[in-house]
Each structure stands twice: as structure tokens, then as C-alpha cells.
Amino acid sequence: MRPGSLLDRGWRVIGTGISFAVFGLGAVLISLTLFPVLRLISPDPAVARRRIQGAMRQTFRLFAWFMATLGVMSYEFRGRERLAAPGRLIVANHPSLIDVVLIISLMPSVDCIVKRGLWRNPFLRWPVRWAGYIPNHTPEQLIEDCSQALRAGRSLLVFPEGTRTVPGQPLQFRRGAAQIALAARCEVVPITITQTLPTLTKGEKWYQVAHQRSHWVVSVDEPIRTEPFLQGPPAVGARRLTQHLLDYYTARLGSHAAAV
Amino acid sequence: MRSQQEVFEQVKKTLVDLFEIDAAKVVPGANLYADLDIDSIDAIDLILELKAYTGKRIDPEQFKHVRTIDDLVTAVQQLLNETPAA
């Protein structure tokens, strides 16, 4: 290995550490300052939600820029204009820890599903509530809450895998995303996320950086219509739509892997 | 009173109709979650369907312990054999 690349690697470990620290401290700081202020100046909860989601977007945008500026990673977006229309279910594969940062940085306003535990977190319990994020209660309740948000014309982001991809394993989708889309009768906008080198993946420690800087491509693809899946029993429709999405992503990611 | 075999056939038919599960996979020892890929939302559909079949009110608690087809058949049979509340 060339000494230059060793230095580069060492810097990326430090830069990643800085990024994690900034993210954690920034989250606490903003939760105690910016978000309460936005809530206070917006008596209407719907307005507060939109403003807080907007602030979330700008901070994530800043954070993505910060990581790229440190040289920890680089990224590009494709087809972002496809995210303009609201009221659609946004789905994405989930290779890394920062996928949600990159996607939210693109969207003026988007609802997310957040771990129920955060509603008890001293710093985040109020921001997640004000932002209108949806806690993962029982599956039935979750699907009801999510489809309601979509029917109300909001956008919702869901990772059908339910967790980050296990590197080297075939993709596995849970059926929740399809069930939500069918319950809301809305279009599904698929986002494909690829990295040139596996970084910040599941089961890796943050300091295990790749041998080179990884480049993320976040590609917003053509929306998928769900009407064809609405015929017959809902459980069958959800199975078919899930399979359709799985085949779609397997093909998209397979062709990417072959291209690299 | 319906026999265990009858109940089993009904359960199998329900699974095939509702979820397009391959009938050959529906065997007494099959695990609903691991082998037949039933998720919690499916479980609710399934209970509603069995409610229609048995004509009884179903307390989801009664199905909490159900893991396999065998468990399910036993639970449904118990429902059918309950004396209707006066």
C-alpha cells in the first residue's frame, strides 16, 4: 500500500469520528434550540411540522456537505425532480448509515417511521413528535398511521428491508412498505442507493473505513403504479408488490455491481 | 362437531385463498411465520377469515401461542367446540 493512501485512510477514520460527534452533538443542540423555537412560533401543528421537517432537511443537507468536505465520502443525486410531487410512498434500499441523511436532504417535507424508543428519549421525544414522525407501534397501527399520512397528501419514506442491508447477502424485503402503499392506494417512488465501496454498512464499526473513499449515488427512479396490485385479496397484492419491488431492486443493484 | 381433518382442510384452503401459499407446504408441522411467511398483518386477515368460518367471536389472545398449522387447527377446533354463550 502506498503511504499516501495510508494517510488518506487515517484521515477518513478521523473525519468519520468527527462526523459522528458532530451529528450527535448537533442533534442535541438543534433539539434544544431550533426545533423548540420553530414549534413556539408556529401555533398550528401542521405548520410546525412543515417547518421542522424543512429544518431537518437543511441540517441533513449541511451534514452531507460537511462529510463530503471532510473527504470522508462523496455523493451525487440523479432524478431528484421526481420527488417534487407529494403524497407518494418513497422506498429505498438501505446499504449504509447515512442513506436517510441523503434522502431527507432532497425532500422539502417527508414523514418517516422512527423507533418507538425515541418517544422516551429526553432530547428527541419532542422533536420527533413535532416533526410528525410516525412511531413503530404494532404493525396494524403502523400501517394505518402511514397510509393515513399518505392519504392526507404527505410523502412518506420507508426502507422495505426494515434495517440496513447485510453486505454480500441477497436483498430481503418485508411486506410493510407494500401494505402501506396498497392501503393508501398511492404511487411508489423507488430510490436506488449505491456506493462504490461498502462503507458505514451493517455490522461494521464506524472506524472500519474502506481502502478508498466511497462515492454514493442516490438515484430517484420512475414511479411505480400500484393499481395492478389492488385486485384480489390485499394480502396477495402485498405479496406481489413486494416481489415486484424485490425483483426491481435486485436487477438495479445487480447491474450496478456488474458495472463497477 | 367437525373433525380435525375437516378443520385442517379449511385452514389449508384459507391459507391458499388468502395468501396464495403453495398447498403442498401446508402440513401440520409447518411453522406459520418461518415456513409459510405469514406476517402479523396476515395473521389478522387469517383470524378474521376463521372468525367467519367458525361463526364465533375470536379473542386474538387465544391465538397468541399459535406457531404451527397444528396449533392453529387445535385452536380453531377448541373454538368450534365451545358451547355458545347463553
# chains A, B, ... in the order shown; residues from 1 in each chain; ligands from 1

call {"tool": "residues_around", "arguments": {"residues": "A:Pro95", "least_positions_apart": "6", "cutoff": "7 Å", "atoms": "only C-alpha atoms", "output": "PyMOL selection string"}}
result
chain A and resi 164-165+201

call {"tool": "closest_atom_pairs", "arguments": {"of": "chain A", "to": "chain B", "cutoff": "8 Å", "atoms": "only C-alpha atoms", "output": "CSV"}}
result
residue,atom,partner,partner_atom,distance
A:Pro139,CA,B:Ile41,CA,6.8
A:Glu140,CA,B:Ile41,CA,6.3
A:Pro233,CA,B:Leu18,CA,6.3
A:Ala235,CA,B:Phe19,CA,5.8
A:Val236,CA,B:Phe19,CA,5.2
A:Arg239,CA,B:Phe19,CA,7.9

call {"tool": "residues_around", "arguments": {"residues": "stretch 63-72 of chain B", "least_positions_apart": "2", "cutoff": "7 Å", "atoms": "only C-alpha atoms", "output": "ChimeraX atom specification"}}
result
/B:27-32,60-61,74-76

call {"tool": "closest_residue", "arguments": {"among": "A:Ala178, A:Met67, A:Ile103, A:Val218", "to": "A:Ala21", "atoms": "only C-alpha atoms"}}
result
A:Met67

call {"tool": "atom_distance", "arguments": {"atom1": "atom CA of A:Leu171", "atom2": "atom CA of A:Val209"}}
result
22.8 Å

call {"tool": "select_by_dssp", "arguments": {"residues": "stretch 26-236 of chain A", "states": "strand (DSSP E)", "output": "PyMOL selection string"}}
result
chain A and resi 73-78+89-92+111-114+134-135+156-158+188-195+214-220
